[in-house]
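File shown: model.cif (mmCIF, C-alpha atoms).
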```cif
data_data
loop_
_atom_site.label_atom_id
_atom_site.label_comp_id
_atom_site.auth_asym_id
_atom_site.auth_seq_id
_atom_site.Cartn_x
_atom_site.Cartn_y
_atom_site.Cartn_z
CA MET A 1 -6.02 -15.51 -28.65
CA ILE A 2 -5.19 -18.46 -26.44
CA ARG A 3 -5.36 -18.50 -22.65
CA GLY A 4 -2.97 -20.34 -20.38
CA ILE A 5 -5.81 -22.59 -19.23
CA ASP A 6 -6.41 -23.70 -22.87
CA ALA A 7 -2.71 -24.60 -23.24
CA GLY A 8 -2.60 -26.35 -19.84
CA LEU A 9 -0.26 -23.68 -18.43
CA ALA A 10 -0.74 -21.80 -15.16
CA THR A 11 1.29 -19.10 -13.41
CA CYS A 12 2.40 -19.66 -9.82
CA HIS A 13 0.85 -16.94 -7.64
CA ASN A 14 3.94 -16.85 -5.44
CA CYS A 15 7.00 -16.93 -7.73
CA GLU A 16 5.38 -16.31 -11.15
CA LEU A 17 6.85 -19.43 -12.70
CA VAL A 18 4.75 -20.75 -15.60
CA VAL A 19 3.86 -24.33 -14.72
CA ARG A 20 2.66 -27.06 -17.09
CA MET A 21 -0.38 -28.60 -15.43
CA ARG A 22 -0.62 -32.37 -15.70
CA ASP A 23 -4.39 -32.28 -15.33
CA GLY A 24 -6.24 -29.95 -17.76
CA ASP A 25 -9.35 -29.76 -15.58
CA ALA A 26 -10.35 -26.18 -14.62
CA HIS A 27 -10.01 -26.99 -10.92
CA ALA A 28 -6.66 -28.75 -11.26
CA GLU A 29 -4.02 -28.11 -8.62
CA ALA A 30 -0.27 -28.62 -8.82
CA ASP A 31 2.80 -28.12 -6.66
CA CYS A 32 5.09 -25.37 -7.97
CA PRO A 33 8.43 -27.02 -8.83
CA ARG A 34 10.32 -23.86 -7.86
CA CYS A 35 8.69 -22.54 -4.66
CA HIS A 36 6.30 -25.38 -3.70
CA ALA A 37 3.26 -23.10 -3.52
CA SER A 38 -0.02 -24.52 -4.79
CA VAL A 39 -0.60 -23.61 -8.46
CA ARG A 40 -4.10 -23.26 -9.96
CA PHE A 41 -5.56 -21.95 -13.20
CA ARG A 42 -7.80 -19.56 -11.25
CA LYS A 43 -7.86 -18.51 -7.61
CA ARG A 44 -10.31 -20.64 -5.68
CA ASN A 45 -13.58 -18.96 -4.55
CA ALA A 46 -12.21 -15.56 -5.61
CA THR A 47 -15.71 -14.18 -6.34
CA THR A 48 -17.00 -15.07 -2.88
CA TYR A 49 -14.03 -13.50 -1.10
CA VAL A 50 -14.12 -10.31 -3.19
CA ILE A 51 -17.87 -9.81 -2.71
CA ALA A 52 -17.69 -10.51 1.04
CA LEU A 53 -14.84 -8.04 1.52
CA LEU A 54 -16.57 -5.42 -0.64
CA VAL A 55 -19.82 -5.70 1.35
CA ALA A 56 -17.87 -5.28 4.60
CA ALA A 57 -16.02 -2.26 3.17
CA LEU A 58 -19.30 -0.73 1.97
CA ALA A 59 -20.82 -1.11 5.45
CA LEU A 60 -17.86 0.78 6.97
CA TYR A 61 -17.92 3.39 4.21
CA PHE A 62 -20.94 5.26 5.63
CA PRO A 63 -19.69 5.78 9.24
CA ALA A 64 -16.24 6.62 7.81
CA ASN A 65 -17.67 9.59 5.91
CA ALA A 66 -20.50 10.69 8.20
CA LEU A 67 -18.67 10.67 11.55
CA THR A 68 -16.01 13.07 12.78
CA ILE A 69 -12.45 12.16 11.86
CA MET A 70 -10.70 14.87 13.89
CA TYR A 71 -11.45 17.34 16.70
CA THR A 72 -9.37 20.52 16.93
CA GLU A 73 -9.42 22.69 20.05
CA GLN A 74 -7.62 25.98 20.32
CA PHE A 75 -9.20 28.14 22.97
CA PRO A 76 -11.88 29.47 22.50
CA GLU A 77 -12.52 27.59 19.28
CA ARG A 78 -13.48 23.96 18.90
CA ARG A 79 -14.12 22.35 15.55
CA ALA A 80 -15.08 18.85 14.50
CA ASP A 81 -14.07 17.81 10.99
CA THR A 82 -15.37 15.03 8.80
CA ILE A 83 -13.25 13.95 5.85
CA LEU A 84 -15.19 16.23 3.51
CA SER A 85 -15.00 19.29 5.79
CA GLY A 86 -11.24 18.70 6.11
CA VAL A 87 -10.97 19.03 2.33
CA LYS A 88 -13.14 22.16 2.47
CA PHE A 89 -10.80 23.61 5.13
CA LEU A 90 -7.76 23.17 2.87
CA TRP A 91 -9.65 24.60 -0.11
CA GLU A 92 -10.75 27.72 1.78
CA ARG A 93 -7.21 28.30 3.01
CA GLY A 94 -6.12 28.50 -0.63
CA SER A 95 -4.25 25.16 -0.76
CA TRP A 96 -6.24 24.08 -3.82
CA GLY A 97 -3.66 21.59 -5.07
CA LEU A 98 -3.47 19.81 -1.74
CA ALA A 99 -7.26 19.95 -1.32
CA MET A 100 -7.62 18.18 -4.69
CA VAL A 101 -5.04 15.54 -3.69
CA VAL A 102 -6.80 14.84 -0.38
CA PHE A 103 -10.22 14.82 -2.10
CA THR A 104 -8.95 12.31 -4.66
CA ALA A 105 -7.20 10.06 -2.13
CA SER A 106 -9.86 10.10 0.61
CA ILE A 107 -13.18 10.50 -1.18
CA LEU A 108 -12.84 9.70 -4.87
CA VAL A 109 -10.54 6.65 -4.69
CA PRO A 110 -12.60 4.67 -2.11
CA VAL A 111 -15.87 5.24 -4.04
CA VAL A 112 -14.31 4.44 -7.40
CA LYS A 113 -12.60 1.40 -5.94
CA LEU A 114 -15.80 -0.02 -4.42
CA CYS A 115 -17.79 0.52 -7.64
CA ALA A 116 -15.04 -0.61 -10.02
CA LEU A 117 -14.19 -3.79 -8.09
CA GLY A 118 -17.90 -4.62 -7.82
CA PHE A 119 -18.23 -4.14 -11.58
CA LEU A 120 -15.10 -6.21 -12.31
CA VAL A 121 -16.14 -9.13 -10.14
CA VAL A 122 -19.72 -9.19 -11.46
CA SER A 123 -18.68 -8.89 -15.12
CA ALA A 124 -15.99 -11.57 -14.70
CA THR A 125 -18.38 -13.96 -12.97
CA ARG A 126 -20.99 -13.47 -15.71
CA ARG A 127 -18.27 -14.14 -18.32
CA SER A 128 -18.88 -10.81 -19.99
CA ALA A 129 -17.07 -10.16 -23.29
CA TRP A 130 -17.15 -6.40 -22.79
CA HIS A 131 -13.70 -4.84 -23.46
CA PRO A 132 -11.58 -7.28 -21.44
CA ARG A 133 -8.45 -5.28 -22.15
CA ALA A 134 -9.92 -2.09 -20.68
CA ARG A 135 -11.13 -4.03 -17.64
CA THR A 136 -7.66 -5.47 -17.10
CA ARG A 137 -6.21 -1.96 -17.27
CA LEU A 138 -8.84 -0.75 -14.78
CA TYR A 139 -7.83 -3.52 -12.38
CA ARG A 140 -4.14 -2.65 -12.61
CA ALA A 141 -4.94 1.02 -11.96
CA LEU A 142 -6.93 0.05 -8.84
CA GLU A 143 -3.99 -1.94 -7.51
CA VAL A 144 -1.73 1.12 -7.88
CA VAL A 145 -3.98 3.73 -6.22
CA GLY A 146 -5.48 1.56 -3.47
CA HIS A 147 -3.25 2.32 -0.53
CA TRP A 148 -3.14 6.10 -1.12
CA SER A 149 -6.46 6.42 0.71
CA MET A 150 -4.60 5.80 3.97
CA LEU A 151 -3.49 9.45 3.66
CA ASP A 152 -6.10 10.87 6.03
CA VAL A 153 -5.30 8.37 8.76
CA PHE A 154 -1.64 9.44 8.65
CA VAL A 155 -2.59 13.13 8.66
CA VAL A 156 -4.80 12.74 11.74
CA ALA A 157 -2.14 10.72 13.58
CA LEU A 158 0.59 13.24 12.76
CA LEU A 159 -1.53 16.24 13.77
CA THR A 160 -2.44 14.56 17.06
CA ALA A 161 1.20 13.83 17.79
CA VAL A 162 2.74 17.16 16.80
CA VAL A 163 0.08 19.23 18.54
CA GLN A 164 0.29 17.12 21.69
CA LEU A 165 4.06 17.61 21.81
CA GLY A 166 3.78 21.35 21.16
CA GLN A 167 0.98 21.86 23.70
CA PHE A 168 -0.46 24.93 21.97
CA ALA A 169 -3.78 23.31 21.11
CA ARG A 170 -5.52 19.93 21.27
CA VAL A 171 -6.19 17.61 18.36
CA THR A 172 -8.03 14.34 19.00
CA PRO A 173 -8.81 11.62 16.48
CA GLY A 174 -12.56 11.13 15.97
CA PRO A 175 -14.63 7.95 15.71
CA ALA A 176 -14.39 7.92 11.87
CA VAL A 177 -10.68 6.98 11.86
CA LEU A 178 -11.30 3.32 12.62
CA PRO A 179 -13.99 2.65 9.95
CA PHE A 180 -12.03 4.75 7.45
CA ALA A 181 -8.85 2.71 7.88
CA GLY A 182 -11.10 -0.37 7.73
CA VAL A 183 -12.46 0.65 4.30
CA VAL A 184 -8.93 1.09 2.95
CA ILE A 185 -7.65 -2.23 4.32
CA LEU A 186 -10.75 -4.20 3.25
CA THR A 187 -10.72 -2.81 -0.31
CA MET A 188 -6.98 -3.59 -0.54
CA LEU A 189 -7.69 -7.18 0.52
CA ALA A 190 -10.63 -7.35 -1.92
CA SER A 191 -8.54 -6.24 -4.87
CA ALA A 192 -5.78 -8.69 -3.89
CA SER A 193 -8.34 -11.53 -3.80
CA PHE A 194 -9.65 -10.78 -7.29
CA ASP A 195 -8.26 -12.96 -10.08
CA ALA A 196 -7.66 -10.74 -13.14
CA ARG A 197 -7.30 -13.85 -15.34
CA ALA A 198 -11.03 -14.48 -14.90
CA ILE A 199 -11.71 -11.35 -17.00
CA TRP A 200 -10.63 -13.36 -20.07
CA ASP A 201 -12.96 -16.33 -19.47
CA ARG A 202 -15.68 -15.05 -21.80
CA GLY A 203 -18.06 -17.65 -23.09
CA VAL A 204 -16.10 -20.44 -21.42
CA ARG A 205 -18.02 -22.81 -19.21
CA GLU A 206 -16.46 -24.53 -16.24
CA MET B 1 7.97 -7.02 -22.07
CA ARG B 2 4.16 -6.89 -22.16
CA CYS B 3 1.44 -9.48 -22.61
CA VAL B 4 0.13 -9.48 -26.23
CA THR B 5 -3.43 -10.07 -25.04
CA CYS B 6 -3.95 -7.73 -22.09
CA ASN B 7 -0.90 -5.43 -22.31
CA SER B 8 0.10 -6.03 -18.65
CA PRO B 9 3.83 -6.07 -17.93
CA LEU B 10 5.17 -9.65 -17.98
CA TYR B 11 8.72 -9.03 -16.87
CA ARG B 12 11.05 -6.07 -16.65
CA SER B 13 14.47 -5.74 -18.17
CA ASN B 14 15.87 -4.39 -14.89
CA GLY B 15 17.31 -7.46 -13.20
CA ASP B 16 20.73 -6.26 -12.03
CA LEU B 17 21.12 -7.69 -8.51
CA GLY B 18 24.15 -5.50 -7.73
CA ALA B 19 22.14 -2.34 -8.49
CA MET B 20 19.28 -3.71 -6.43
CA LEU B 21 21.62 -4.25 -3.47
CA ALA B 22 22.93 -0.68 -3.82
CA VAL B 23 19.39 0.75 -3.74
CA THR B 24 18.58 -1.47 -0.73
CA VAL B 25 21.57 -0.07 1.18
CA THR B 26 20.46 3.49 0.27
CA ALA B 27 16.96 2.76 1.52
CA THR B 28 18.34 1.31 4.77
CA VAL B 29 20.38 4.46 5.45
CA ALA B 30 17.29 6.56 4.66
CA LEU B 31 15.23 4.41 7.04
CA VAL B 32 17.66 5.16 9.87
CA ILE B 33 17.56 8.92 9.07
CA ALA B 34 13.75 8.90 8.87
CA ASN B 35 13.53 7.26 12.28
CA ALA B 36 16.25 9.10 14.14
CA LEU B 37 15.85 12.73 13.03
CA PRO B 38 12.82 15.02 13.57
CA LEU B 39 10.20 15.12 10.81
CA VAL B 40 9.00 18.61 11.63
CA THR B 41 9.93 21.48 13.93
CA VAL B 42 6.97 23.37 15.37
CA THR B 43 7.25 26.86 16.82
CA SER B 44 4.32 28.35 18.74
CA ALA B 45 4.51 31.42 21.01
CA GLY B 46 8.31 31.21 21.20
CA HIS B 47 8.12 27.56 22.20
CA GLN B 48 9.90 25.08 19.91
CA THR B 49 9.22 21.35 19.61
CA ARG B 50 10.58 18.69 17.31
CA ALA B 51 8.52 15.65 16.39
CA THR B 52 10.08 12.39 15.26
CA LEU B 53 8.29 9.42 13.73
CA TRP B 54 8.60 7.47 17.00
CA GLN B 55 7.05 10.32 18.96
CA ALA B 56 4.19 10.47 16.45
CA ILE B 57 3.54 6.78 16.99
CA ALA B 58 3.84 7.07 20.79
CA ALA B 59 1.47 10.05 20.85
CA SER B 60 -1.15 8.30 18.73
CA TYR B 61 -0.93 5.37 21.14
CA ASP B 62 -1.63 7.69 24.07
CA SER B 63 -4.60 9.36 22.39
CA GLU B 64 -7.22 6.65 22.92
CA LEU B 65 -6.75 4.98 19.54
CA PRO B 66 -4.09 2.29 19.80
CA PHE B 67 -5.37 0.87 16.50
CA VAL B 68 -4.01 3.93 14.70
CA ALA B 69 -0.66 3.46 16.42
CA ILE B 70 -0.58 -0.17 15.30
CA THR B 71 -1.40 0.80 11.70
CA LEU B 72 1.37 3.41 11.74
CA THR B 73 3.89 1.00 13.24
CA LEU B 74 3.09 -1.73 10.72
CA THR B 75 2.99 0.41 7.57
CA LEU B 76 5.85 2.79 8.38
CA LEU B 77 8.30 0.85 10.56
CA VAL B 78 7.73 -2.89 10.51
CA ALA B 79 6.86 -3.42 6.82
CA PRO B 80 9.72 -1.33 5.33
CA ALA B 81 12.26 -2.51 7.94
CA ILE B 82 11.46 -6.19 7.37
CA GLU B 83 11.40 -5.68 3.59
CA LEU B 84 14.88 -4.13 3.64
CA GLY B 85 16.15 -6.75 6.08
CA LEU B 86 14.83 -9.52 3.81
CA LEU B 87 16.38 -7.93 0.72
CA LEU B 88 19.78 -7.67 2.43
CA TRP B 89 19.42 -11.25 3.64
CA LEU B 90 18.68 -12.39 0.06
CA LEU B 91 20.85 -10.08 -2.04
CA VAL B 92 24.15 -10.24 -0.15
CA PRO B 93 24.55 -14.04 -0.56
CA LEU B 94 23.07 -14.02 -4.10
CA CYS B 95 25.53 -11.34 -5.23
CA ALA B 96 28.32 -13.46 -3.71
CA ARG B 97 26.90 -16.48 -5.60
CA SER B 98 25.68 -18.58 -2.72
CA ARG B 99 22.15 -19.59 -1.80
CA PRO B 100 20.62 -17.59 1.08
CA LEU B 101 19.36 -19.56 4.09
CA ALA B 102 15.61 -20.17 4.08
CA PHE B 103 15.37 -18.74 0.55
CA LEU B 104 11.82 -19.94 -0.17
CA SER B 105 10.20 -18.62 3.02
CA MET B 106 12.05 -15.30 2.76
CA MET B 107 10.84 -14.80 -0.85
CA GLY B 108 7.29 -15.64 0.20
CA LEU B 109 7.40 -13.20 3.11
CA LEU B 110 8.76 -10.46 0.84
CA ARG B 111 5.85 -10.88 -1.57
CA THR B 112 3.25 -10.89 1.23
CA LEU B 113 4.66 -7.83 2.96
CA ARG B 114 5.14 -5.51 -0.02
CA PRO B 115 1.61 -4.12 -0.46
CA TRP B 116 1.48 -3.03 3.21
CA ARG B 117 4.28 -0.52 3.29
CA MET B 118 3.01 2.99 2.78
CA VAL B 119 6.03 5.23 3.22
CA GLU B 120 5.19 7.30 0.11
CA VAL B 121 1.64 7.91 1.36
CA PHE B 122 3.06 8.96 4.73
CA PHE B 123 5.34 11.48 2.99
CA LEU B 124 2.30 13.15 1.42
CA GLY B 125 0.57 12.91 4.81
CA VAL B 126 3.36 14.93 6.45
CA ILE B 127 2.96 17.65 3.80
CA VAL B 128 -0.82 17.83 4.35
CA ALA B 129 -0.32 17.92 8.14
CA VAL B 130 2.23 20.73 7.83
CA VAL B 131 -0.18 22.83 5.75
CA LYS B 132 -3.05 22.21 8.18
CA LEU B 133 -0.87 23.05 11.18
CA SER B 134 0.38 26.29 9.69
CA VAL B 135 -2.86 27.90 10.97
CA LEU B 136 -1.94 27.10 14.55
CA ALA B 137 1.85 27.41 14.57
CA THR B 138 4.99 27.85 12.47
CA VAL B 139 6.00 24.49 11.07
CA LEU B 140 9.26 23.65 9.30
CA PRO B 141 10.20 20.30 7.79
CA GLY B 142 13.21 18.59 9.39
CA TRP B 143 15.88 16.15 8.18
CA GLY B 144 13.64 13.20 9.02
CA MET B 145 11.38 14.33 6.13
CA PHE B 146 14.37 14.05 3.82
CA GLY B 147 14.92 10.49 5.06
CA VAL B 148 11.25 9.63 4.46
CA ALA B 149 11.42 11.07 0.91
CA VAL B 150 14.59 9.15 0.00
CA MET B 151 13.21 5.95 1.52
CA ALA B 152 9.92 6.34 -0.43
CA LEU B 153 11.85 6.80 -3.70
CA ALA B 154 14.27 3.94 -3.00
CA LEU B 155 11.44 1.53 -2.06
CA ALA B 156 9.50 2.48 -5.21
CA SER B 157 12.64 1.85 -7.25
CA LEU B 158 13.09 -1.56 -5.56
CA SER B 159 9.62 -2.71 -6.63
CA SER B 160 10.41 -1.71 -10.23
CA PHE B 161 13.23 -4.28 -10.40
CA ASP B 162 12.50 -7.67 -11.95
CA GLN B 163 11.84 -9.95 -8.97
CA GLY B 164 12.32 -13.00 -11.21
CA ALA B 165 16.05 -12.18 -11.29
CA LEU B 166 16.29 -13.33 -7.64
CA TRP B 167 14.66 -16.67 -8.52
CA ARG B 168 16.90 -17.17 -11.57
CA ARG B 169 20.10 -16.39 -9.67
CA ALA B 170 19.09 -18.74 -6.84
CA ARG B 171 18.62 -21.55 -9.39
CA GLU B 172 22.00 -20.84 -11.05
CA VAL B 173 23.66 -20.91 -7.66
CA ALA B 174 22.00 -24.18 -6.63
CA SER B 175 23.04 -26.09 -9.75
#
```
Translate this structure into structure tokens?
Amino acid sequence: MIRGIDAGLATCHNCELVVRMRDGDAHAEADCPRCHASVRFRKRNATTYVIALLVAALALYFPANALTIMYTEQFPERRADTILSGVKFLWERGSWGLAMVVFTASILVPVVKLCALGFLVVSATRRSAWHPRARTRLYRALEVVGHWSMLDVFVVALLTAVVQLGQFARVTPGPAVLPFAGVVILTMLASASFDARAIWDRGVRE
Amino acid sequence: MRCVTCNSPLYRSNGDLGAMLAVTVTATVALVIANALPLVTVTSAGHQTRATLWQAIAASYDSELPFVAITLTLTLLVAPAIELGLLLWLLVPLCARSRPLAFLSMMGLLRTLRPWRMVEVFFLGVIVAVVKLSVLATVLPGWGMFGVAVMALALASLSSFDQGALWRRAREVAS
């Protein structure tokens, strides 16, 4: 197996052109002949960015799950739902399929994403040789599912709007909406900052 | 075509710019439908209301959380509308074998914008909202939902095209 960096070849992050690097040094930088973006073997300071964004996302994760995401008022009832109790509500109403979808998108995906990205960035930085192919597949899966967690934000916004227009009850977004959307956006940025090529740098010193 | 080392897709065989333009036009029509027609019709105590996407955004702006309204606007209106505008800007000249104006910046913007459109997530969100609302009122999906569904499918299909085909055609045209 030969890596692009061994052959002096790097892919442009912008237009995906494979560029022959004049300088074989690991930190070499070139101008993409096709789109003029800066081409490097590896993204610069990727580890630092990913870890910083993950820590920020983790900090928002707790308020996002503990606080109320939505208040529903229909006289004389008033209920306050967290993300988890919203799933429970769907489950108890018999919408098991939908409850599973919401549980996966809102609870499972953010946790898995935080843990998996943390694992990927640590193992890549330590130049681990542990199943690089499986780790690459894990990364690609994370990129696909990442934005589905925004589901609950859309649901709350839609409910607020429709109910407000219909005037038969009152739905208000709770304080958890902001940190929840923050977790989704920060983990999306974190996974975009990660350089999957670094997974293959086992036993190679800079 | 997949990488022999890590099995990630390297490039796709689907690089037909004419087909890509056709899907872009479909998505643009769907975008107009999704924005103009009501997403859901709600009936409660004999009172009927229709909610469009714009009303949903306006209502979330009124309800103390403008941040939510901004997220909705960016992910559901701005990102898909600019993406389709960019694709039309790029594909119409490329299909007619001339180089689009500001080709490099438009391609860069297209790549930056793509991850932030979430029309398909919104579609699922409408379904969840409809089920949750059915406790309080009778809710029926409207034609706007159909527009959202078609737009989600068309946008997903657009990302499955080989983006390198745009770069290759631009180079052919330039030389």
Provide as a ChimeraX atom specification the residues of chain B at most 7 Å from chain A, counting only C-alpha atoms.
/B:6,42,44,49,51,55-56,59-60,63,104,108,121-122,125-126,128-129
Run through the PyMOL selection byres ((chain B and resi 28) around 10) on the given coordinates and return the selected residues as a ChimeraX atom specification.
/B:22-27,29-34,80-81,83-85,88,147,150-151,154-155
Those selected residues, please, written with C-alpha atoms and delivered as a compact mmCIF listing (two decimals), in the frame of the given file.
```txt
# COMPACT_ATOMS: atom_id res chain seq x y z
CA ALA B 22 22.93 -0.68 -3.82
CA VAL B 23 19.39 0.75 -3.74
CA THR B 24 18.58 -1.47 -0.73
CA VAL B 25 21.57 -0.07 1.18
CA THR B 26 20.46 3.49 0.27
CA ALA B 27 16.96 2.76 1.52
CA VAL B 29 20.38 4.46 5.45
CA ALA B 30 17.29 6.56 4.66
CA LEU B 31 15.23 4.41 7.04
CA VAL B 32 17.66 5.16 9.87
CA ILE B 33 17.56 8.92 9.07
CA ALA B 34 13.75 8.90 8.87
CA PRO B 80 9.72 -1.33 5.33
CA ALA B 81 12.26 -2.51 7.94
CA GLU B 83 11.40 -5.68 3.59
CA LEU B 84 14.88 -4.13 3.64
CA GLY B 85 16.15 -6.75 6.08
CA LEU B 88 19.78 -7.67 2.43
CA GLY B 147 14.92 10.49 5.06
CA VAL B 150 14.59 9.15 0.00
CA MET B 151 13.21 5.95 1.52
CA ALA B 154 14.27 3.94 -3.00
CA LEU B 155 11.44 1.53 -2.06
```
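The coordinates place atom CA of B:Met118 at 26.8 Å from atom CA of B:Thr138.
Take atom CA of B:Arg12 and atom CA of A:Ser38: the distance between them is 24.6 Å.
Atom CA of B:Leu158 to atom CA of B:Met106 spans 16.1 Å [interatomic distance, one decimal].
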Do you know which residues the PyMOL selection byres ((chain B and resi 71) around 10) returns on this file, as a CSV table (one decimal) with C-alpha atoms, in the frame of the given file?
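Written file, result-v8.csv:
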```csv
chain,number,residue,atom,x,y,z
A,150,MET,CA,-4.6,5.8,4.0
A,153,VAL,CA,-5.3,8.4,8.8
A,154,PHE,CA,-1.6,9.4,8.6
A,181,ALA,CA,-8.8,2.7,7.9
B,57,ILE,CA,3.5,6.8,17.0
B,66,PRO,CA,-4.1,2.3,19.8
B,67,PHE,CA,-5.4,0.9,16.5
B,68,VAL,CA,-4.0,3.9,14.7
B,69,ALA,CA,-0.7,3.5,16.4
B,70,ILE,CA,-0.6,-0.2,15.3
B,72,LEU,CA,1.4,3.4,11.7
B,73,THR,CA,3.9,1.0,13.2
B,74,LEU,CA,3.1,-1.7,10.7
B,75,THR,CA,3.0,0.4,7.6
B,76,LEU,CA,5.8,2.8,8.4
B,77,LEU,CA,8.3,0.8,10.6
B,78,VAL,CA,7.7,-2.9,10.5
B,116,TRP,CA,1.5,-3.0,3.2
```
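Between B:Ile127 and the residues B:Met145, B:Val173, B:Ala152, B:Ala36, the shortest atom-to-atom distance, using only C-alpha atoms, involves B:Met145.
The smallest atom-to-atom distance between B:Glu172 and any of B:Trp54, B:Asp16, B:Arg99, B:Pro9, using all atoms listed in the file, is found for B:Arg99.
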Residues matched by the PyMOL selection byres ((chain A and resi 198) around 10) as a PyMOL selection string
chain A and resi 41-43+46-47+120-121+123-125+127+132+136+194-197+199-202
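Around A:Val18, within 9 Å and counting all atoms listed in the file, the residues found are A:Leu9, A:Ala10, A:Thr11, A:Cys12, A:Cys32, once anything fewer than 3 positions away on its own chain is removed.
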From the list B:Ser8, B:Thr112, B:Gln48, B:Ser134, which residue is nearest B:Ala79 when using all atoms listed in the file?
B:Thr112
Residues within 8 Å of B:Gly144, only C-alpha atoms, excluding chain neighbours under 4 positions, as a ChimeraX atom specification:
/B:33-40,52,148
Just the residues within 12 Å of B:Trp89, please, counting all atoms listed in the file, with nothing from its chain fewer than 6 positions along; format it as a PDB file with C-alpha atoms, in the coordinates of the input.
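And here is the file that came out, part_19.pdb:
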```pdb
ATOM      1  CA  LEU B  21      21.620  -4.250  -3.470  1.00  0.00           C
ATOM      2  CA  THR B  24      18.580  -1.470  -0.730  1.00  0.00           C
ATOM      3  CA  VAL B  25      21.570  -0.070   1.180  1.00  0.00           C
ATOM      4  CA  ILE B  82      11.460  -6.190   7.370  1.00  0.00           C
ATOM      5  CA  GLU B  83      11.400  -5.680   3.590  1.00  0.00           C
ATOM      6  CA  CYS B  95      25.530 -11.340  -5.230  1.00  0.00           C
ATOM      7  CA  ALA B  96      28.320 -13.460  -3.710  1.00  0.00           C
ATOM      8  CA  SER B  98      25.680 -18.580  -2.720  1.00  0.00           C
ATOM      9  CA  ARG B  99      22.150 -19.590  -1.800  1.00  0.00           C
ATOM     10  CA  PRO B 100      20.620 -17.590   1.080  1.00  0.00           C
ATOM     11  CA  LEU B 101      19.360 -19.560   4.090  1.00  0.00           C
ATOM     12  CA  ALA B 102      15.610 -20.170   4.080  1.00  0.00           C
ATOM     13  CA  PHE B 103      15.370 -18.740   0.550  1.00  0.00           C
ATOM     14  CA  SER B 105      10.200 -18.620   3.020  1.00  0.00           C
ATOM     15  CA  MET B 106      12.050 -15.300   2.760  1.00  0.00           C
ATOM     16  CA  MET B 107      10.840 -14.800  -0.850  1.00  0.00           C
ATOM     17  CA  LEU B 110       8.760 -10.460   0.840  1.00  0.00           C
ATOM     18  CA  LEU B 166      16.290 -13.330  -7.640  1.00  0.00           C
TER      19      LEU B 166
END
```
